[in-house]
Structures are given as C-alpha cells and as structure tokens.
>>> print(open('target.pdb').read())   # PDB, C-alpha atoms and all ligand atoms
MODEL        1
ATOM      1  CA  MET Z  35      97.567 115.374  89.981
ATOM      2  CA  PHE Z  36     100.593 113.808  88.306
ATOM      3  CA  GLU Z  37     101.630 115.266  85.009
ATOM      4  CA  THR Z  38     104.247 112.616  84.443
ATOM      5  CA  LEU Z  39     104.248 108.867  84.823
ATOM      6  CA  GLN Z  40     106.894 107.791  87.304
ATOM      7  CA  ALA Z  41     105.977 104.174  87.889
ATOM      8  CA  THR Z  42     103.257 101.772  86.847
ATOM      9  CA  ALA Z  43     102.258  98.539  88.571
ATOM     10  CA  ARG Z  44     100.197  95.923  86.753
ATOM     11  CA  LEU Z  45      98.435  92.824  87.959
ATOM     12  CA  SER Z  46      97.414  90.053  85.559
ATOM     13  CA  ALA Z  47      95.479  87.083  86.884
ATOM     14  CA  THR Z  48      92.645  84.684  86.174
ATOM     15  CA  LEU Z  49      89.274  84.995  87.884
ATOM     16  CA  ARG Z  50      87.737  81.526  88.145
ATOM     17  CA  VAL Z  51      84.115  80.766  88.961
ATOM     18  CA  VAL Z  52      84.066  78.267  91.839
ATOM     19  CA  SER Z  53      80.314  77.932  92.319
ATOM     20  CA  ALA Z  54      77.806  79.217  89.776
ATOM     21  CA  ILE Z  55      77.365  82.998  89.669
ATOM     22  CA  ARG Z  56      74.171  84.698  88.667
ATOM     23  CA  ILE Z  57      73.786  86.901  85.593
ATOM     24  CA  GLY Z  58      72.679  90.401  86.570
ATOM     25  CA  ALA Z  59      69.911  92.361  84.919
ATOM     26  CA  GLY Z  60      72.010  95.285  83.739
ATOM     27  CA  ARG Z  61      75.405  96.858  83.705
ATOM     28  CA  ASP Z  62      75.959  98.834  86.871
ATOM     29  CA  THR Z  63      78.872 101.184  86.317
ATOM     30  CA  SER Z  64      78.448 103.359  89.384
ATOM     31  CA  ILE Z  65      81.459 103.752  91.627
ATOM     32  CA  ASP Z  66      79.493 102.712  94.694
ATOM     33  CA  SER Z  67      78.508  99.309  93.432
ATOM     34  CA  SER Z  68      79.557  96.820  96.072
ATOM     35  CA  ASP Z  69      77.668  94.067  94.326
ATOM     36  CA  LEU Z  70      79.476  92.272  91.541
ATOM     37  CA  PRO Z  71      77.096  91.755  88.669
ATOM     38  CA  VAL Z  72      78.075  89.486  85.831
ATOM     39  CA  VAL Z  73      76.516  90.716  82.613
ATOM     40  CA  LYS Z  74      76.440  89.778  78.931
ATOM     41  CA  ASP Z  75      78.318  91.504  76.157
ATOM     42  CA  LEU Z  76      76.850  92.226  72.719
ATOM     43  CA  PHE Z  77      77.583  88.655  71.650
ATOM     44  CA  GLY Z  78      75.847  87.146  74.665
ATOM     45  CA  ARG Z  79      79.066  86.154  76.421
ATOM     46  CA  PRO Z  80      79.427  86.795  80.146
ATOM     47  CA  PHE Z  81      81.797  89.447  81.466
ATOM     48  CA  ILE Z  82      82.313  91.303  84.738
ATOM     49  CA  PRO Z  83      82.462  95.123  84.492
ATOM     50  CA  GLY Z  84      85.768  96.469  85.819
ATOM     51  CA  SER Z  85      83.881  99.207  87.698
ATOM     52  CA  SER Z  86      82.041  96.527  89.675
ATOM     53  CA  ILE Z  87      85.230  94.710  90.639
ATOM     54  CA  LYS Z  88      86.806  98.024  91.620
ATOM     55  CA  GLY Z  89      83.763  98.955  93.740
ATOM     56  CA  ALA Z  90      83.948  95.684  95.645
ATOM     57  CA  VAL Z  91      87.723  95.845  96.209
ATOM     58  CA  ARG Z  92      87.401  99.488  97.282
ATOM     59  CA  SER Z  93      84.665  98.694  99.834
ATOM     60  CA  TYR Z  94      86.862  95.967 101.284
ATOM     61  CA  VAL Z  95      89.856  98.337 101.564
ATOM     62  CA  GLU Z  96      87.624 100.969 103.221
ATOM     63  CA  ARG Z  97      86.682  98.416 105.848
ATOM     64  CA  ILE Z  98      90.362  97.709 106.519
ATOM     65  CA  VAL Z  99      91.184 101.429 106.870
ATOM     66  CA  ARG Z 100      88.165 102.090 109.091
ATOM     67  CA  THR Z 101      89.182  99.191 111.327
ATOM     68  CA  LEU Z 102      92.838 100.163 111.634
ATOM     69  CA  ALA Z 103      92.770 103.961 111.827
ATOM     70  CA  PRO Z 104      93.294 105.437 115.294
ATOM     71  CA  PRO Z 105      90.118 106.522 117.117
ATOM     72  CA  ARG Z 106      91.051 110.211 116.829
ATOM     73  CA  TRP Z 107      90.492 109.977 113.080
ATOM     74  CA  GLY Z 108      86.931 108.851 113.719
ATOM     75  CA  ALA Z 109      84.664 108.925 110.693
ATOM     76  CA  LYS Z 110      87.292 110.922 108.774
ATOM     77  CA  ALA Z 111      89.579 107.892 108.463
ATOM     78  CA  THR Z 112      87.923 107.063 105.186
ATOM     79  CA  CYS Z 113      84.763 107.952 103.385
ATOM     80  CA  ASN Z 114      81.887 105.619 102.829
ATOM     81  CA  PRO Z 115      80.395 106.205  99.389
ATOM     82  CA  THR Z 116      78.174 103.139  99.725
ATOM     83  CA  GLY Z 117      75.683 102.050 102.333
ATOM     84  CA  PRO Z 118      72.832 103.801 104.086
ATOM     85  CA  ARG Z 119      74.881 106.722 105.422
ATOM     86  CA  ALA Z 120      76.850 107.325 102.259
ATOM     87  CA  GLY Z 121      79.219 110.239 102.103
ATOM     88  CA  TRP Z 122      82.603 111.350 100.781
ATOM     89  CA  CYS Z 123      85.515 112.367 102.985
ATOM     90  CA  VAL Z 124      85.675 115.837 101.432
ATOM     91  CA  SER Z 125      83.318 118.278  99.880
ATOM     92  CA  ASP Z 126      83.960 121.557  98.104
ATOM     93  CA  LEU Z 127      83.631 123.137 101.543
ATOM     94  CA  THR Z 128      86.565 121.111 102.876
ATOM     95  CA  ARG Z 129      89.110 123.204 101.018
ATOM     96  CA  GLU Z 130      91.081 124.969 103.662
ATOM     97  CA  SER Z 131      93.430 127.880 103.450
ATOM     98  CA  PHE Z 132      96.979 127.760 104.713
ATOM     99  CA  HIS Z 133     100.010 130.010 104.683
ATOM    100  CA  ASP Z 134     102.737 129.116 102.209
ATOM    101  CA  PRO Z 135     105.767 128.338 104.404
ATOM    102  CA  ALA Z 136     108.067 130.007 101.845
ATOM    103  CA  ASP Z 137     106.523 133.460 101.596
ATOM    104  CA  GLY Z 138     103.504 133.482 103.891
ATOM    105  CA  ARG Z 139     100.980 133.870 101.075
ATOM    106  CA  LEU Z 140      97.509 132.507 101.822
ATOM    107  CA  LEU Z 141      96.871 129.519  99.584
ATOM    108  CA  ASP Z 142      94.069 127.053  99.127
ATOM    109  CA  ARG Z 143      94.945 123.677 100.539
ATOM    110  CA  PRO Z 144      95.123 121.359  97.527
ATOM    111  CA  ILE Z 145      91.948 119.325  97.404
ATOM    112  CA  TYR Z 146      94.075 116.190  96.859
ATOM    113  CA  ASP Z 147      95.630 116.506 100.322
ATOM    114  CA  ALA Z 148      92.235 116.711 101.978
ATOM    115  CA  HIS Z 149      91.234 113.234 100.785
ATOM    116  CA  CYS Z 150      91.281 110.006 102.765
ATOM    117  CA  PRO Z 151      93.875 107.352 101.828
ATOM    118  CA  VAL Z 152      91.275 105.267  99.990
ATOM    119  CA  CYS Z 153      90.215 108.172  97.750
ATOM    120  CA  LYS Z 154      93.861 108.989  96.970
ATOM    121  CA  LEU Z 155      94.189 105.476  95.591
ATOM    122  CA  PHE Z 156      90.731 104.767  94.140
ATOM    123  CA  GLY Z 157      89.634 108.318  93.239
ATOM    124  CA  SER Z 158      86.658 110.511  94.144
ATOM    125  CA  PRO Z 159      84.381 112.952  92.303
ATOM    126  CA  TRP Z 160      87.208 115.514  92.690
ATOM    127  CA  ILE Z 161      90.409 113.575  92.049
ATOM    128  CA  ALA Z 162      91.383 110.953  89.505
ATOM    129  CA  SER Z 163      91.877 107.332  90.447
ATOM    130  CA  LYS Z 164      95.366 105.872  90.396
ATOM    131  CA  VAL Z 165      93.917 102.408  89.828
ATOM    132  CA  ALA Z 166      92.136 101.114  86.729
ATOM    133  CA  PHE Z 167      90.315  97.767  86.692
ATOM    134  CA  ALA Z 168      89.679  96.437  83.182
ATOM    135  CA  ASP Z 169      86.456  94.599  82.377
ATOM    136  CA  ALA Z 170      87.089  90.922  83.153
ATOM    137  CA  THR Z 171      86.509  89.213  79.821
ATOM    138  CA  LEU Z 172      85.774  85.567  79.183
ATOM    139  CA  ILE Z 173      88.584  83.117  78.529
ATOM    140  CA  GLY Z 174      86.726  81.457  75.659
ATOM    141  CA  GLU Z 175      87.827  77.855  75.992
ATOM    142  CA  THR Z 176      86.579  77.645  79.605
ATOM    143  CA  TRP Z 177      82.947  78.309  78.646
ATOM    144  CA  PHE Z 178      80.816  75.898  76.696
ATOM    145  CA  GLY Z 179      78.620  78.663  75.307
ATOM    146  CA  LYS Z 180      75.566  78.110  77.443
ATOM    147  CA  TYR Z 181      74.094  79.456  80.643
ATOM    148  CA  ILE Z 182      72.357  77.273  83.157
ATOM    149  CA  VAL Z 183      68.813  78.342  83.988
ATOM    150  CA  ARG Z 184      67.743  77.884  87.564
ATOM    151  CA  ASP Z 185      64.508  78.658  89.231
ATOM    152  CA  GLY Z 186      64.322  80.622  92.431
ATOM    153  CA  VAL Z 187      61.680  81.776  94.843
ATOM    154  CA  SER Z 188      61.593  85.434  95.825
ATOM    155  CA  ILE Z 189      62.056  85.943  99.534
ATOM    156  CA  ASP Z 190      60.335  88.686 101.521
ATOM    157  CA  ARG Z 191      63.153  90.719 103.073
ATOM    158  CA  ASP Z 192      61.222  91.579 106.215
ATOM    159  CA  THR Z 193      59.853  88.216 107.142
ATOM    160  CA  GLY Z 194      62.424  85.985 105.468
ATOM    161  CA  THR Z 195      59.590  83.927 104.056
ATOM    162  CA  ALA Z 196      58.732  83.212 100.459
ATOM    163  CA  ALA Z 197      56.718  86.183  99.214
ATOM    164  CA  ASP Z 198      53.573  84.685  97.714
ATOM    165  CA  ALA Z 199      55.826  81.857  96.625
ATOM    166  CA  ARG Z 200      56.628  83.836  93.462
ATOM    167  CA  LYS Z 201      58.989  81.858  91.307
ATOM    168  CA  PHE Z 202      61.414  83.301  88.816
ATOM    169  CA  ASP Z 203      64.052  81.900  86.539
ATOM    170  CA  PHE Z 204      67.605  83.167  86.423
ATOM    171  CA  GLU Z 205      70.706  82.308  84.483
ATOM    172  CA  VAL Z 206      74.031  81.397  86.022
ATOM    173  CA  VAL Z 207      77.565  81.104  84.727
ATOM    174  CA  PRO Z 208      78.729  77.606  85.594
ATOM    175  CA  GLY Z 209      81.670  76.812  87.863
ATOM    176  CA  GLY Z 210      84.978  76.434  86.057
ATOM    177  CA  THR Z 211      84.393  79.448  83.762
ATOM    178  CA  GLU Z 212      87.418  81.756  83.768
ATOM    179  CA  PHE Z 213      87.865  85.469  83.122
ATOM    180  CA  ASP Z 214      90.933  87.517  82.279
ATOM    181  CA  PHE Z 215      91.662  89.931  85.153
ATOM    182  CA  GLN Z 216      93.812  93.064  84.698
ATOM    183  CA  VAL Z 217      94.556  95.946  87.052
ATOM    184  CA  ARG Z 218      96.884  98.874  86.490
ATOM    185  CA  ALA Z 219      98.056 101.425  89.063
ATOM    186  CA  ASP Z 220      99.824 104.634  88.031
ATOM    187  CA  ASN Z 221     102.303 106.249  90.418
ATOM    188  CA  PRO Z 222     101.284 104.331  93.536
ATOM    189  CA  SER Z 223     103.519 104.675  96.580
ATOM    190  CA  ASP Z 224     104.798 101.371  97.967
ATOM    191  CA  LEU Z 225     102.343 101.731 100.855
ATOM    192  CA  GLU Z 226      99.421 102.329  98.503
ATOM    193  CA  LEU Z 227     100.470  99.262  96.543
ATOM    194  CA  GLY Z 228     100.440  97.360  99.847
ATOM    195  CA  LEU Z 229      96.873  98.553 100.483
ATOM    196  CA  LEU Z 230      95.769  97.539  96.980
ATOM    197  CA  TYR Z 231      97.445  94.166  97.519
ATOM    198  CA  LEU Z 232      95.359  93.652 100.678
ATOM    199  CA  GLY Z 233      92.192  94.292  98.654
ATOM    200  CA  ILE Z 234      93.263  91.910  95.891
ATOM    201  CA  THR Z 235      94.103  89.118  98.328
ATOM    202  CA  ALA Z 236      90.435  89.211  99.445
ATOM    203  CA  LEU Z 237      89.612  87.976  95.934
ATOM    204  CA  GLN Z 238      92.269  85.281  96.259
ATOM    205  CA  ARG Z 239      90.668  84.162  99.534
ATOM    206  CA  LYS Z 240      87.189  84.098  97.901
ATOM    207  CA  GLU Z 241      85.893  86.751 100.318
ATOM    208  CA  LEU Z 242      84.151  89.011  97.799
ATOM    209  CA  ALA Z 243      80.735  87.768  96.684
ATOM    210  CA  PHE Z 244      79.757  87.831  93.040
ATOM    211  CA  GLY Z 245      76.481  87.942  91.210
ATOM    212  CA  GLY Z 246      74.362  89.278  94.037
ATOM    213  CA  MET Z 247      72.571  87.319  96.681
ATOM    214  CA  THR Z 248      70.458  84.447  95.524
ATOM    215  CA  SER Z 249      68.378  82.016  97.488
ATOM    216  CA  ARG Z 250      71.336  79.684  97.149
ATOM    217  CA  GLY Z 251      73.848  82.229  98.371
ATOM    218  CA  PRO Z 252      76.326  84.353  96.456
ATOM    219  CA  GLY Z 253      78.427  82.870  93.710
ATOM    220  CA  LEU Z 254      81.997  82.157  94.613
ATOM    221  CA  VAL Z 255      84.983  83.192  92.536
ATOM    222  CA  GLU Z 256      88.671  83.011  93.190
ATOM    223  CA  LEU Z 257      91.601  84.923  91.795
ATOM    224  CA  VAL Z 258      94.385  82.600  90.719
ATOM    225  CA  GLU Z 259      97.873  82.907  89.243
ATOM    226  CA  PRO Z 260      98.348  86.584  90.106
ATOM    227  CA  GLU Z 261     101.371  88.133  88.431
ATOM    228  CA  TRP Z 262     102.457  91.602  89.530
ATOM    229  CA  ARG Z 263     104.931  93.661  87.506
ATOM    230  CA  ARG Z 264     106.237  97.172  87.939
ATOM    231  CA  THR Z 265     107.811  99.577  85.513
ATOM    232  CA  ARG Z 266     109.748 102.573  86.746
ATOM    233  CA  PHE Z 267     110.120 105.332  84.217
ATOM    234  CA  ASP Z 268     113.564 106.744  84.032
ATOM    235  CA  ALA Z 269     114.863 108.764  81.140
ATOM    236  CA  SER Z 270     118.100 106.800  81.216
ATOM    237  CA  SER Z 271     116.496 103.347  81.147
ATOM    238  CA  ASP Z 272     114.889 101.213  78.453
ATOM    239  CA  ASP Z 273     111.841 100.571  80.619
ATOM    240  CA  LEU Z 274     109.678 103.107  78.850
ATOM    241  CA  LEU Z 275     110.145 101.372  75.518
ATOM    242  CA  ALA Z 276     109.496  97.984  77.130
ATOM    243  CA  GLU Z 277     106.303  99.385  78.674
ATOM    244  CA  LEU Z 278     105.085 100.706  75.337
ATOM    245  CA  LEU Z 279     105.924  97.545  73.401
ATOM    246  CA  GLY Z 280     104.765  94.803  75.728
ATOM    247  CA  PRO Z 281     104.171  93.667  79.288
ATOM    248  CA  GLY Z 282     107.484  95.213  80.301
ATOM    249  CA  GLY Z 283     108.714  95.987  83.760
ATOM    250  CA  SER Z 284     110.108  93.626  86.305
ATOM    251  CA  PRO Z 285     108.186  91.096  88.400
ATOM    252  CA  LEU Z 286     107.108  92.220  91.869
ATOM    253  CA  ARG Z 287     107.738  89.545  94.453
ATOM    254  CA  SER Z 288     104.931  88.633  96.819
ATOM    255  CA  GLU Z 289     107.403  89.087  99.717
ATOM    256  CA  ASP Z 290     107.750  92.769  98.744
ATOM    257  CA  LEU Z 291     103.998  93.252  98.361
ATOM    258  CA  GLU Z 292     103.404  91.610 101.741
ATOM    259  CA  SER Z 293     106.011  93.789 103.400
ATOM    260  CA  TRP Z 294     104.432  96.970 101.926
ATOM    261  CA  ALA Z 295     101.024  95.740 103.094
ATOM    262  CA  ARG Z 296     102.484  95.270 106.587
ATOM    263  CA  ASP Z 297     103.987  98.779 106.449
ATOM    264  CA  ALA Z 298     100.656 100.211 105.247
ATOM    265  CA  ILE Z 299      98.906  98.619 108.237
ATOM    266  CA  ASP Z 300     101.488 100.173 110.594
ATOM    267  CA  TYR Z 301     101.100 103.607 108.968
ATOM    268  CA  LEU Z 302      97.309 103.454 109.179
ATOM    269  CA  ARG Z 303      97.469 102.491 112.857
ATOM    270  CA  ARG Z 304      99.696 105.506 113.515
ATOM    271  CA  GLY Z 305      97.469 107.755 111.413
ATOM    272  CA  GLU Z 306     100.196 108.642 108.921
ATOM    273  CA  GLU Z 307      99.970 109.309 105.206
ATOM    274  CA  LEU Z 308     100.320 106.445 102.767
ATOM    275  CA  CYS Z 309     101.207 108.497  99.737
ATOM    276  CA  THR Z 310     104.743 109.776  99.719
ATOM    277  CA  VAL Z 311     105.028 110.577  96.003
TER
HETATM  278 ZN    ZN Z 401      87.687 109.469 100.779
ENDMDL
END
>>> encode(input="target.pdb", output="structure tokens")
Amino acid sequence: MFETLQATARLSATLRVVSAIRIGAGRDTSIDSSDLPVVKDLFGRPFIPGSSIKGAVRSYVERIVRTLAPPRWGAKATCNPTGPRAGWCVSDLTRESFHDPADGRLLDRPIYDAHCPVCKLFGSPWIASKVAFADATLIGETWFGKYIVRDGVSIDRDTGTAADARKFDFEVVPGGTEFDFQVRADNPSDLELGLLYLGITALQRKELAFGGMTSRGPGLVELVEPEWRRTRFDASSDDLLAELLGPGGSPLRSEDLESWARDAIDYLRRGEELCTV
C-alpha cells in the first residue's frame, strides 16, 4: 500500500486494572476477538495480547461508523467481521473495473479503495493494517506475583439459572495491576487518527470489558496517562534519526486529536473518505 513511511503516530499509556479481571484459558489471536482475554506468559505473568486489544477497539470503532454513516451507505458503511452475521466489506468479487481518466485504459479498481474506512485503518484479509497494538506487558512492581482464585457457578445461558449448580474455580488479576500499553500507526491521515482516538478514549472511559463475562461481571480496566507523539518523515529533517534512536517525534496535543475526531465524525456523516494520503 505505502512503500515509504511518511508519518508515524505512537501512543504510550498505562492500562490499569480497576476491578479484578479473569485469566482466560488460552491465547486468542484472531482478528475478530471482541473479548479481551488476559493470559499468562511463559513465566506465569499476566499479559494482554495486542491482537485482543485491537479487536475490541476495532469493534467499538465499527459501531461508531455504523451509527454515523448516512443511510444510503447501509450495510456497506463498514464490515462486521465479528458477531452472528459476520462478513467483510469486500471480497475478491468486489474488484471493479474502471477507465483510467488519463488514457481510457480499463483498469482494475485497486482493492484498497474498495474497503470500508475501518478496514483501511485496521486492515483486512486483503490489505495491511496501519495500526499495530503491542502485547500489553506487566509493569512488574504493580503485581505481587500471585493470582487470586475465586469460585464461580456456571450459568445456563438459556434459562439464566445455575446449570446443575456446577462450581468452578478461576484466577483473577487483582485491581491495581498495571500493564504497559503501546500503539503505533503508520501513515494515518489526520481523520483516521481522529477515528483511532475515538476508539482509544473508550478505554479511557472504561467502556471496553476485559477478561470475558463472569458471574460477577466483566473486569474493569482504564487507560491512564496517554501520551501521543507523531513523527513526520522528511528528508530534510532530523526526525528520522530521532525516530530510529528513541521515542522521537513531537507530542500530539489532545486538542488536535479531538478536533480530528470531530472532523472524522463530520466526514462519516457526509459519507466522505477519511483517508487522504
Ligand atoms: Zn471493511
């Protein structure tokens, strides 16, 4: 898609457990995971797979786009890779031909253009993602090295009653545990950055559930101390060196991110493209 790097935005923050979150059974790395399992690394320490965080943020952004897009877009406003009627916005059959305005030759429409705004940012089976979520790793001093074991009762989904009163034990990560949270976006347009910002603020508002549903409700986490930085690559600047040698770039102000988010909302309402790169 992009052969060169024009700009990179990075978010560093801390993900703090507010109320105990449950340890999942396995690592779910599928793109459509809207659950946020917390799993153990080889040393038995808890961590949250980046793919899970990305799946949850993506689902939230899809809901925003679906809500805002004009009715004429209908189901094409964004795809829905999760849920009972899962499906992507494009398929190999979506490739359309068009006449090159310069010389009238019949060309295949680039598959990138056929994608919904969410896929252009978060990727699809056909195009690369602009956004990478790192695994959220434990900030060691916030964990005392033990899990809390709780006992639960399995609930029958249909009746909402305890199924044969079967009891099971599960482990939770206690409140106060913190994880290092890192996101990187390559070549996002300002509007796409605004859309990503909207997804990230859901974590700040504690709206994305972690650890799956338990009989005591989902675990709560909150994203704190977010720090956004952006590097623009320019052959005449020193930014590239700064990017390679350290955090680099210049801070992005929350006023700017909010204004791009507002612009992104306006564009979506009008049914216009978010990517102008
Ligand atoms: Zn899509």
>>> closest_residue(input="target.pdb", among="Z:Ile182, Z:Leu49, Z:Val73, Z:Ala162", to="ligand ZN 401 (chain Z)", atoms="all atoms listed in the file")
Z:Ala162
>>> residues_near_point(input="target.pdb", point="(102.9, 103.5, 108.6)", cutoff="12 Å", atoms="only C-alpha atoms", output="JSON, numbers by chain")
{"Z": [102, 103, 104, 151, 224, 225, 226, 228, 229, 293, 294, 295, 296, 297, 298, 299, 300, 301, 302, 303, 304, 305, 306, 307, 308, 309, 310]}
>>> atom_distance(input="target.pdb", atom1="CA of Cys153 in chain Z", atom2="CA of Ala111 in chain Z")
10.7 Å
>>> closest_residue(input="target.pdb", among="Z:Val217, Z:Leu227, Z:Leu237, Z:Cys150", to="ligand ZN 401 (chain Z)", atoms="all atoms listed in the file")
Z:Cys150
>>> closest_residue(input="target.pdb", among="Z:Gln238, Z:Gln40, Z:Ser85, Z:Ser158", to="ligand ZN 401 (chain Z)", atoms="only C-alpha atoms and all ligand atoms")
Z:Ser158
>>> residues_near_ligand(input="target.pdb", ligand="ligand ZN 401 (chain Z)", cutoff="12 Å", atoms="all atoms listed in the file", output="PyMOL selection string")
chain Z and resi 92-93+95-96+99-100+109-116+120-125+128+145-163
>>> closest_residue(input="target.pdb", among="Z:Asp220, Z:Glu289, Z:Asp169, Z:Glu241", to="Arg266 in chain Z", atoms="all atoms listed in the file")
Z:Asp220
>>> closest_residue(input="target.pdb", among="Z:Thr176, Z:Thr48, Z:Thr171, Z:Asn221", to="Pro83 in chain Z", atoms="only C-alpha atoms")
Z:Thr171
>>> closest_residue(input="target.pdb", among="Z:Val258, Z:Arg50, Z:Thr42, Z:Ala168", to="Ser86 in chain Z", atoms="all atoms listed in the file")
Z:Ala168
>>> residues_near_point(input="target.pdb", point="(85.1, 87.7, 82.0)", cutoff="7 Å", atoms="all atoms listed in the file", output="PyMOL selection string")
chain Z and resi 80-82+170-173+212-214
>>> residues_around(input="target.pdb", residues="Val206 in chain Z", least_positions_apart="4", cutoff="8 Å", atoms="only C-alpha atoms", output="list in words")
Ala54, Ile55, Arg56, Ile57, Tyr181, Ile182, Val183 and Arg184 of chain Z
>>> atom_distance(input="target.pdb", atom1="CA of Thr211 in chain Z", atom2="CA of Trp177 in chain Z")
5.4 Å
>>> residues_around(input="target.pdb", residues="Ala219 in chain Z", least_positions_apart="6", cutoff="6 Å", atoms="all atoms listed in the file", output="PyMOL selection string")
chain Z and resi 42-43+164-165
>>> atom_distance(input="target.pdb", atom1="CA of Ser223 in chain Z", atom2="CA of Ser46 in chain Z")
19.3 Å
>>> residues_around(input="target.pdb", residues="Arg44 in chain Z", least_positions_apart="2", cutoff="6 Å", atoms="all atoms listed in the file", output="PyMOL selection string")
chain Z and resi 217-218+262-263
>>> axis_aligned_box(input="target.pdb", around="range 79-90 of chain Z", padding_each_side="6 Å", output="JSON")
{"center_x": 82.9, "center_y": 92.7, "center_z": 86.0, "size_x": 19.7, "size_y": 25.1, "size_z": 31.2}
